[in-house]
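Visitor: Input: one structure, supplied below.
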Amino acid sequence: MSTSNHAPLIIDVLSDVVCPWCFIGKRRLETALELFKEKYPNEPTPLVRWSAFQLNPDLPLVGIERSQYLREKFGDRAPSVYERVSGVGQAVGIDFKFDQIKRQPNTLFAHSLIAQAQTPAEQAVLVEVLFKAYFLDAMDLTDKNVLTELAQLAGMSDQAIQEGLANSEAHQAVLEKEKAARELGINGVPFYILNSQFGVSGAQEPETLLEAMGQALKESESV
């Protein structure tokens with residue numbers, strides 16, 4: 001069987017680093033990509049790109065107390081809501097530490113850093129680092145010193161970090177991209193866009209994501 005000579009499948013993932021289902025969705029996507037390699041061994045590895053989507057864009061840049069956020073968003077339902085998410089997280093290897101999180105951040109600066117990553121691979125590392133920092137280590141993502149350390153851990157250059165944290169034009173670019181997503185009717189994440197054609201909403205099971213990848217491949221081959 002000959003090796004495919006067309007471009008790799010592109011998967012744009014709209015996500016927020018404080019969205020537990022997005023973290024779960026990342027794990028399920030990783031599994032789906034492994035299944036993709038097995039099913040389509042001659043296809044190039046899909047290119048995954050991460051795009052900003054703030055669940056709470058109206059929060060102040062300094063964030064708010066987590067307890068206040070939960071009270072205002074869920075009322076008395078918060079424990080039951082997160083009990084289900086925790087169970088699903090355990091199934092994909094994520095040990096959420098919801099009870100340790102003290103601050104609910106505005107994620108504009110985190111998303112701006114992700115946008116400054118030089119390659120999709122660097123982007124993926126930073127996204128993983130941010131997810132773990134928030135959900136496993138309860139770190140304050142409103143603190144620019146914390147964000148700087150995390151970006152350095154992900155291998156970002158000092159210049160890229162400075163651009164992500166201090167450049168208002170970079171921040172505006174993130175907001176414009178998010179606005180465009182909302183105008184497309186996207187109102188929840190994770191949301192996967194395959195080859196700018198197919199949309200898959202929610203932290204779907206790996207098999208569902210694999211099926212969507214296969215459909216996108218067929219469409220690209222018929223063009």
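Just so we're on the same page: first chain in the structure tokens is A, next is B, and so on; residues restart at 1 for each chain, and ligands are numbered from 1 in the order they show up.
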Considering only C-alpha atoms, return as a short mmCIF file (atom, residue, chain, number, x, y, z; two decimals) with N, CA and C atoms, in the first residue's frame whatever protein or nucleic-acid residues lie within 6 Å of A:Asn106, sequence-local ones (same chain, fewer than 2 positions apart) excluded.
Guide:
```
data_model
loop_
_atom_site.label_atom_id
_atom_site.label_comp_id
_atom_site.auth_asym_id
_atom_site.auth_seq_id
_atom_site.Cartn_x
_atom_site.Cartn_y
_atom_site.Cartn_z
N LEU A 59 -15.50 37.56 33.48
CA LEU A 59 -14.82 37.64 34.78
C LEU A 59 -13.75 38.72 34.74
N LEU A 61 -10.11 40.41 35.10
CA LEU A 61 -8.82 39.81 34.76
C LEU A 61 -8.13 39.19 35.97
N GLY A 63 -9.73 37.56 38.18
CA GLY A 63 -10.52 36.41 38.59
C GLY A 63 -11.37 36.72 39.82
N LEU A 108 -7.89 34.98 29.60
CA LEU A 108 -7.40 35.69 28.43
C LEU A 108 -5.89 35.57 28.28
#
```
Visitor: Leaving out stretch 178-188 of chain A and any residue of its chain fewer than 4 positions from it, which residues lie within 8 Å of it when counting only C-alpha atoms, given as an MDAnalysis selection string?
Guide: chainID A and resid 51:55 174 201:202
Visitor: Which residues come within 9 Å of A:Ser196, counting only C-alpha atoms, excluding same-chain residues fewer than 5 positions away, as JSON, numbers by chain?
Guide: {"A": [10, 11, 12]}
Visitor: When you count only C-alpha atoms, which of these residues is closest to A:Glu211: A:Ala151, A:Trp21, A:Phe36, A:Tyr69?
Guide: A:Phe36
Visitor: So the first atom is atom CA of A:Ala138 and the second is atom CA of A:Ala121; what is the distance between them in Å, to one decimal place?
Guide: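 Separation between atom CA of A:Ala138 and atom CA of A:Ala121: 24.4 Å.
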Visitor: Out of A:Leu35, A:Leu113, A:Val85, A:Leu70, which residue has the shortest atom-to-atom distance to A:Asn167 when counting only C-alpha atoms?
Guide: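 The answer is A:Leu113, which sits nearest to A:Asn167.
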Visitor: Would you kindly return, as a compact mmCIF listing (two decimals) with N, CA and C atoms, in the first residue's frame, each protein, DNA or RNA residue with an atom no farther than 12 Å from any atom of A:Glu221, considering only C-alpha atoms and excluding same-chain residues fewer than 2 positions away?
Guide:
```txt
# COMPACT_ATOMS: atom_id res chain seq x y z
N SER A 4 0.19 7.91 1.71
CA SER A 4 -0.63 9.03 1.28
C SER A 4 0.24 10.23 0.97
N ASN A 5 -0.15 10.95 -0.11
CA ASN A 5 0.64 12.12 -0.48
C ASN A 5 -0.10 13.43 -0.28
N HIS A 6 -1.23 13.37 0.42
CA HIS A 6 -1.94 14.62 0.66
C HIS A 6 -1.63 15.18 2.04
N ALA A 7 -2.09 16.39 2.27
CA ALA A 7 -1.77 17.09 3.51
C ALA A 7 -2.44 16.41 4.70
N PRO A 8 -1.86 16.58 5.88
CA PRO A 8 -2.47 15.96 7.07
C PRO A 8 -3.82 16.57 7.41
N LEU A 9 -4.63 15.78 8.02
CA LEU A 9 -5.90 16.25 8.56
C LEU A 9 -5.63 17.32 9.62
N GLU A 43 -1.50 7.34 6.51
CA GLU A 43 -1.87 8.74 6.54
C GLU A 43 -0.90 9.53 7.42
N ASN A 195 -10.63 19.86 9.35
CA ASN A 195 -10.41 20.38 8.00
C ASN A 195 -11.34 21.54 7.66
N GLY A 214 -12.29 9.96 10.01
CA GLY A 214 -12.43 9.17 8.81
C GLY A 214 -13.33 9.84 7.78
N GLN A 215 -14.41 10.45 8.26
CA GLN A 215 -15.31 11.16 7.37
C GLN A 215 -14.61 12.36 6.72
N ALA A 216 -13.82 13.08 7.53
CA ALA A 216 -13.08 14.22 7.01
C ALA A 216 -12.06 13.78 5.96
N LEU A 217 -11.44 12.63 6.18
CA LEU A 217 -10.48 12.09 5.22
C LEU A 217 -11.16 11.80 3.88
N LYS A 218 -12.31 11.17 3.95
CA LYS A 218 -13.04 10.84 2.73
C LYS A 218 -13.40 12.09 1.94
N GLU A 219 -13.81 13.11 2.65
CA GLU A 219 -14.18 14.37 1.97
C GLU A 219 -12.96 15.00 1.32
N VAL A 223 -12.07 15.77 -3.01
CA VAL A 223 -11.94 17.13 -3.55
C VAL A 223 -10.99 17.15 -4.74
```
Visitor: Please determine, counting only C-alpha atoms, which residue among A:Pro41, A:Pro46, A:Gly89, A:Pro79 has the shortest atom-to-atom distance to A:Lys26.
Guide: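 Answer, going by the shortest atom-to-atom distance: A:Gly89.
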Visitor: Can you tell me how far atom CA of A:Ser67 sits from atom CA of A:Asp137, in Å to one decimal?
Guide: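 Between atom CA of A:Ser67 and atom CA of A:Asp137 the gap works out to 17.0 Å.
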Visitor: DSSP says helix (DSSP H, G or I) for which residues of stretch 100-217 of chain A? Put them as a PyMOL selection string?
Guide: chain A and resi 100+108-116+120-135+144-153+158-166+168-183+206-217
